[in-house]
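So the structure is just underneath, and the comments pick up after that.
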Amino acid sequence: MSEQKDLKRVAYYPGCALEGTGHAYDRSTRAVGKELGLDLVEVENWNCCGAMEVKNIDPKLQTYLSSRVMSIASEDMGFDTVMAPCNGCYHNLKKAEYDLTNDPENVAVTERLSEKAGHPTYKPGSVETIHALDWLKRAIGEEGLKERITHSLKGLKIANYYGCMYTRPRHIFPEKDQGPGSESTLQPHFMDDLLEAAGAEIVDYPLKTACCGGAHTLSDSDTSTKLVLNLLEAADECDADIIATECPTCHSGLEMHQIRAETKLGKKTNAKIVYFTQLIGLALGMNARTVGIHENVSDSINFFREKGLA
Amino acid sequence: MPIHEQNLIRPENIITNEELEIDGIDVSGHWSTFIESRVVTDYNEDIEDEVAALPGGEYINRCWQCGSCTNSCTVNAVNPDFNPRFWIYLVRMGMESELLRDKDIIWQCVSCNKCTYSCPRDVNPEGVMKALSHWLELKGHTPKSPSMHFDEEFADQVFSTGKIEEGRVIRGFFQRTGQPLIQDWLVELVKRLIRHMPVKLLMTMGLANFVRPRTRDWGRAQAAIEEYVLERDAANRKALGLDAAGDH
């Protein structure tokens, strides 16, 4: 990984969720990129990364599916960086990179499937997969962001929620835990850094990397509701107005089970759930509609109006 | 020999005496027989190899029972019976009947990977939980879990079009598990979703129900994947000593 690498123009892999429930994340990510002069070129004719579901059916198939995306970005489009805002996609591309570097059996399956599908086999090391957090942190940075802020998030108390897939398991993220400047797998802080630069007050949220139960959000809803309720109540305890998210599965899980906890358990919680890219967009002076605030289930429009941000 | 942990009081271990007097003291009532000596004869020595043959279970033999997995486990925090360390122990010891007592909750692993993060032996306990769920289903000890239905619905869509459409996955999942699509909290969710949503976006989302998102020229990839899945299913069944006819 080179910090100097130019991230002004990167391949963009939205993934299935960002075309559906995570539409607001896609919208705000593209809008923020445009505003900051960062060029996102969508990976042509991409496919699903395999997600957790295909991994559960067969991990090597997930490796292949992710490798096809990286193969298109590197071989067909000539990019050396793929930016994936979805934690699941980001995690899976990273995992595929690791598996194809370290496991000959995985390599054999990917070679075989790529050949039969008729596209070049992905060569590990050809692209670096980064998250939207890495992208903004490295391409713009806190100082660069501060200069562009027109509507400070001053007075907003934010709990940053990173979820599971962004940091675990550690071995697929070799660039993390590398000392100052790098991301921590135990106490991630890139979102804290960026939103603090945008003027927000970051609360000390102890459940940054706790699990929202996204894997069983429908198949074991009661467990997911318990896990999410814990996250929401902790945010309320911390006096946070907002839980900032960076994953469409976490985001919709939090929104969905906030309602489910209300309907099924009579437990009402107050934290608003907002994508971190939406918050940065507002701080850059963008319209609430442009960053898709109205697409969120968790209703924060009046809150942002009161704060003079919408 | 490691400490054999189990819930000491199990319903089947309780004996009841309506009237029992020992040395002049009335000891009638319910007594747990946990101190009764026992001899285990029904070891199934194949379980460890079978679980290790399924994807995710490869490194189960590395476990030295430190308990980091259970200690860090998300699900254990909401259900103390969810105990990956104990199940890994039972699999390695071949204590099948003991393992089967928990067969209906093993699939509930949420794959948060806290166990894999904290495991000092790179056992990949998350993978072991998935392998173990597959093993239980393939052996016929449990029906397909809701999670497996979801994974299959999702994977089938990816295999056939290269992508998924979430609404379709949700409907397919409810259909496979025989649940009604109209549930009070889902209705509430949709109400809140459409409150501020622009009509244009709603139409686009509605349209996705009819025009499925798909990866172009996916046919060859689909054929290659389906061929691989069949081979892989047959290999898994063979490793478990089952006949070749799978139902995937």
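Here, A, B, ... name the chains of the structure tokens in the order displayed, residue numbers run from 1 inside each chain, and ligands are numbered from 1 in the same displayed order.
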Next on the checklist: Please find the residues of chain B near chain A - the criterion being any atom within 6 Å, counting only C-alpha atoms - and write them as a list in words.
Outcome noted: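 Output check: Val110, Cys112, Asn113, Tyr117, Pro146, Ser147, Asp151, Ala155, Gly162, Lys163, Trp185, Arg192, Leu193, His196, Met197, Thr215, Arg220, Ala221 and Ala224 of chain B.
Between atom CA of A:Gly33 and atom CA of A:Pro85 lies a distance of 12.0 Å.
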Could you pull out the helix (DSSP H, G or I) residues of stretch 160-240 of chain B, going by DSSP on the backbone, and write them as an mmCIF file with C-alpha atoms, in the first residue's frame?
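Output contents, as saved in selection.cif:
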data_model
loop_
_atom_site.group_PDB
_atom_site.id
_atom_site.type_symbol
_atom_site.label_atom_id
_atom_site.label_comp_id
_atom_site.auth_asym_id
_atom_site.auth_seq_id
_atom_site.Cartn_x
_atom_site.Cartn_y
_atom_site.Cartn_z
ATOM 1 C CA SER B 160 -28.569 -17.606 -12.372
ATOM 2 C CA THR B 161 -28.183 -13.849 -13.035
ATOM 3 C CA GLU B 166 -33.284 -7.749 -2.449
ATOM 4 C CA GLY B 167 -37.072 -7.689 -2.699
ATOM 5 C CA ARG B 168 -36.975 -10.913 -4.659
ATOM 6 C CA VAL B 169 -34.650 -12.557 -2.120
ATOM 7 C CA ILE B 170 -36.948 -11.562 0.746
ATOM 8 C CA ARG B 171 -40.055 -12.865 -1.008
ATOM 9 C CA GLY B 172 -38.305 -16.072 -2.024
ATOM 10 C CA PHE B 173 -37.107 -16.611 1.537
ATOM 11 C CA PHE B 174 -40.569 -16.109 3.060
ATOM 12 C CA GLN B 175 -41.981 -18.486 0.476
ATOM 13 C CA ARG B 176 -39.365 -21.176 1.187
ATOM 14 C CA ASP B 184 -46.822 -6.009 11.306
ATOM 15 C CA TRP B 185 -43.298 -4.696 11.668
ATOM 16 C CA LEU B 186 -42.627 -5.010 7.924
ATOM 17 C CA VAL B 187 -45.752 -3.026 7.153
ATOM 18 C CA GLU B 188 -44.578 -0.338 9.588
ATOM 19 C CA LEU B 189 -41.163 -0.358 7.886
ATOM 20 C CA VAL B 190 -42.650 0.146 4.430
ATOM 21 C CA LYS B 191 -44.914 2.938 5.729
ATOM 22 C CA ARG B 192 -41.932 4.815 7.094
ATOM 23 C CA LEU B 193 -39.860 4.105 4.007
ATOM 24 C CA ILE B 194 -42.318 5.673 1.603
ATOM 25 C CA VAL B 199 -42.173 8.811 -6.562
ATOM 26 C CA LYS B 200 -39.503 8.317 -9.200
ATOM 27 C CA LEU B 201 -37.340 6.209 -6.915
ATOM 28 C CA LEU B 202 -40.339 4.169 -5.783
ATOM 29 C CA MET B 203 -41.143 3.425 -9.402
ATOM 30 C CA THR B 204 -37.568 2.397 -10.114
ATOM 31 C CA MET B 205 -37.636 0.071 -7.105
ATOM 32 C CA GLY B 206 -40.993 -1.359 -8.139
ATOM 33 C CA LEU B 207 -39.703 -1.900 -11.642
ATOM 34 C CA GLY B 219 -24.443 -17.756 -19.171
ATOM 35 C CA ARG B 220 -20.978 -19.299 -19.299
ATOM 36 C CA ALA B 221 -20.203 -18.300 -15.721
ATOM 37 C CA GLN B 222 -23.539 -19.745 -14.629
ATOM 38 C CA ALA B 223 -22.818 -23.065 -16.359
ATOM 39 C CA ALA B 224 -19.327 -23.254 -14.840
ATOM 40 C CA ILE B 225 -20.649 -22.474 -11.351
ATOM 41 C CA GLU B 226 -23.497 -24.981 -11.572
ATOM 42 C CA GLU B 227 -21.137 -27.726 -12.726
ATOM 43 C CA TYR B 228 -18.808 -26.930 -9.823
ATOM 44 C CA VAL B 229 -21.669 -26.925 -7.290
ATOM 45 C CA LEU B 230 -22.808 -30.387 -8.390
ATOM 46 C CA GLU B 231 -19.279 -31.787 -8.103
ATOM 47 C CA ARG B 232 -18.750 -30.140 -4.756
ATOM 48 C CA ASP B 233 -22.074 -31.433 -3.365
ATOM 49 C CA ALA B 234 -21.203 -34.956 -4.455
ATOM 50 C CA ALA B 235 -17.748 -34.676 -2.843
ATOM 51 C CA ASN B 236 -19.254 -33.426 0.439
ATOM 52 C CA ARG B 237 -21.772 -36.255 0.527
ATOM 53 C CA LYS B 238 -19.066 -38.793 -0.214
ATOM 54 C CA ALA B 239 -16.897 -37.472 2.622
#
Next on the checklist: Considering only C-alpha atoms, can you say which of A:Asn87, A:Thr121, A:Thr81, A:Ser152 comes closest to A:Gly281?
Outcome noted: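 So, comparing all the options, the nearest one is A:Ser152.
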Checklist entry - Which residues, written as a VMD selection string, have at least one atom at most 8 Å from stretch 98-100 of chain B, with only C-alpha atoms counted and residues fewer than 5 positions away on the same chain left out? => result chain B and resid 87 90 to 91 141
Next on the checklist: Please list as number ranges by chain every residue within 6 Å of A:Val228, counting only C-alpha atoms and excluding residues in the same chain fewer than 3 positions away.
Outcome noted: A: 212, 225, 231, 254
Could you save those same residues with N, CA, C and O atoms as a short mmCIF file (atom, residue, chain, number, x, y, z; two decimals), in the first residue's frame?
data_model
loop_
_atom_site.label_atom_id
_atom_site.label_comp_id
_atom_site.auth_asym_id
_atom_site.auth_seq_id
_atom_site.Cartn_x
_atom_site.Cartn_y
_atom_site.Cartn_z
N CYS A 212 -24.47 -6.49 14.45
CA CYS A 212 -25.89 -6.13 14.36
C CYS A 212 -26.75 -7.35 14.03
O CYS A 212 -27.96 -7.24 13.87
N THR A 225 -32.88 -8.51 16.47
CA THR A 225 -33.52 -7.40 17.17
C THR A 225 -32.84 -7.14 18.51
O THR A 225 -32.57 -6.00 18.87
N LEU A 231 -27.29 -2.07 20.51
CA LEU A 231 -26.52 -1.00 19.87
C LEU A 231 -27.24 0.35 20.02
O LEU A 231 -26.62 1.37 20.30
N LEU A 254 -30.13 -1.85 11.27
CA LEU A 254 -30.41 -0.95 12.39
C LEU A 254 -31.78 -0.30 12.23
O LEU A 254 -32.56 -0.20 13.18
#
Next on the checklist: Give me, as a ChimeraX atom specification, all polymer residues having an atom no more than 8 Å from A:Arg138, counting only C-alpha atoms and skipping those fewer than 3 positions away in the same chain.
Outcome noted: /A:3,7,134-135,141
Atoms kept (N, CA and C atoms) for selection, written as a PDB file, in the first residue's frame:
ATOM      1  N   GLU A   3       0.780   5.304   0.423  1.00  0.00           N
ATOM      2  CA  GLU A   3      -0.049   6.435   0.829  1.00  0.00           C
ATOM      3  C   GLU A   3      -0.094   7.475  -0.288  1.00  0.00           C
ATOM      4  N   LEU A   7      -5.563   8.732  -5.639  1.00  0.00           N
ATOM      5  CA  LEU A   7      -6.900   8.142  -5.558  1.00  0.00           C
ATOM      6  C   LEU A   7      -7.956   9.069  -6.157  1.00  0.00           C
ATOM      7  N   ASP A 134     -11.420   4.581   3.567  1.00  0.00           N
ATOM      8  CA  ASP A 134     -10.016   4.713   3.132  1.00  0.00           C
ATOM      9  C   ASP A 134      -9.908   5.771   2.041  1.00  0.00           C
ATOM     10  N   TRP A 135     -10.872   5.688   1.128  1.00  0.00           N
ATOM     11  CA  TRP A 135     -10.890   6.566  -0.047  1.00  0.00           C
ATOM     12  C   TRP A 135     -10.884   8.037   0.374  1.00  0.00           C
ATOM     13  N   GLY A 141      -8.405  13.492   3.127  1.00  0.00           N
ATOM     14  CA  GLY A 141      -7.820  13.643   4.472  1.00  0.00           C
ATOM     15  C   GLY A 141      -8.576  14.657   5.309  1.00  0.00           C
TER      16      GLY A 141
END
Next on the checklist: Using only C-alpha atoms, which protein or nucleic acid residues come within 8 Å of A:Met70? Drop anything in the same chain fewer than 6 positions from it, and give the result as a VMD selection string.
Outcome noted: chain A and resid 82 93 122 127
Filtering to C-alpha atoms, could you give me those residues as a compact mmCIF listing (two decimals), in the first residue's frame?
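Done, and the output landed in again_29.txt:
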# COMPACT_ATOMS: atom_id res chain seq x y z
CA VAL A 82 -11.22 -0.69 -6.43
CA LEU A 93 -12.77 -8.64 -2.23
CA TYR A 122 -7.55 -12.41 -11.61
CA VAL A 127 -5.69 -4.19 -7.52
Item to check | From B:Gln157, B:Thr41, B:Asn83, B:Asn76, residue lying nearest B:Asp102 [only C-alpha atoms] | outcome: B:Asn83
Item to check | Test item: residues at most 7 Å from B:Tyr43, only C-alpha atoms, excluding those fewer than 4 positions along its chain, as a PyMOL selection string | outcome: chain B and resi 94-96
Output for the residues just chosen: all heavy atoms as a tab-separated table (two decimals), in the first residue's frame:
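The resulting selection09.tsv:
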chain	number	residue	atom	x	y	z
B	94	GLY	N	-15.89	-37.00	19.57
B	94	GLY	CA	-16.83	-37.94	18.96
B	94	GLY	C	-18.07	-38.17	19.81
B	94	GLY	O	-18.73	-39.20	19.70
B	95	MET	N	-18.39	-37.21	20.68
B	95	MET	CA	-19.54	-37.40	21.56
B	95	MET	C	-20.81	-36.89	20.88
B	95	MET	O	-21.33	-35.81	21.17
B	95	MET	CB	-19.29	-36.70	22.89
B	95	MET	CG	-18.05	-37.29	23.57
B	95	MET	SD	-17.58	-36.47	25.07
B	95	MET	CE	-18.60	-37.31	26.24
B	96	GLU	N	-21.30	-37.74	19.98
B	96	GLU	CA	-22.38	-37.34	19.10
B	96	GLU	C	-23.69	-37.03	19.84
B	96	GLU	O	-24.32	-36.00	19.60
B	96	GLU	CB	-22.62	-38.44	18.06
B	96	GLU	CG	-23.62	-38.05	17.00
B	96	GLU	CD	-23.65	-39.05	15.84
B	96	GLU	OE1	-23.07	-40.15	15.97
B	96	GLU	OE2	-24.26	-38.71	14.81
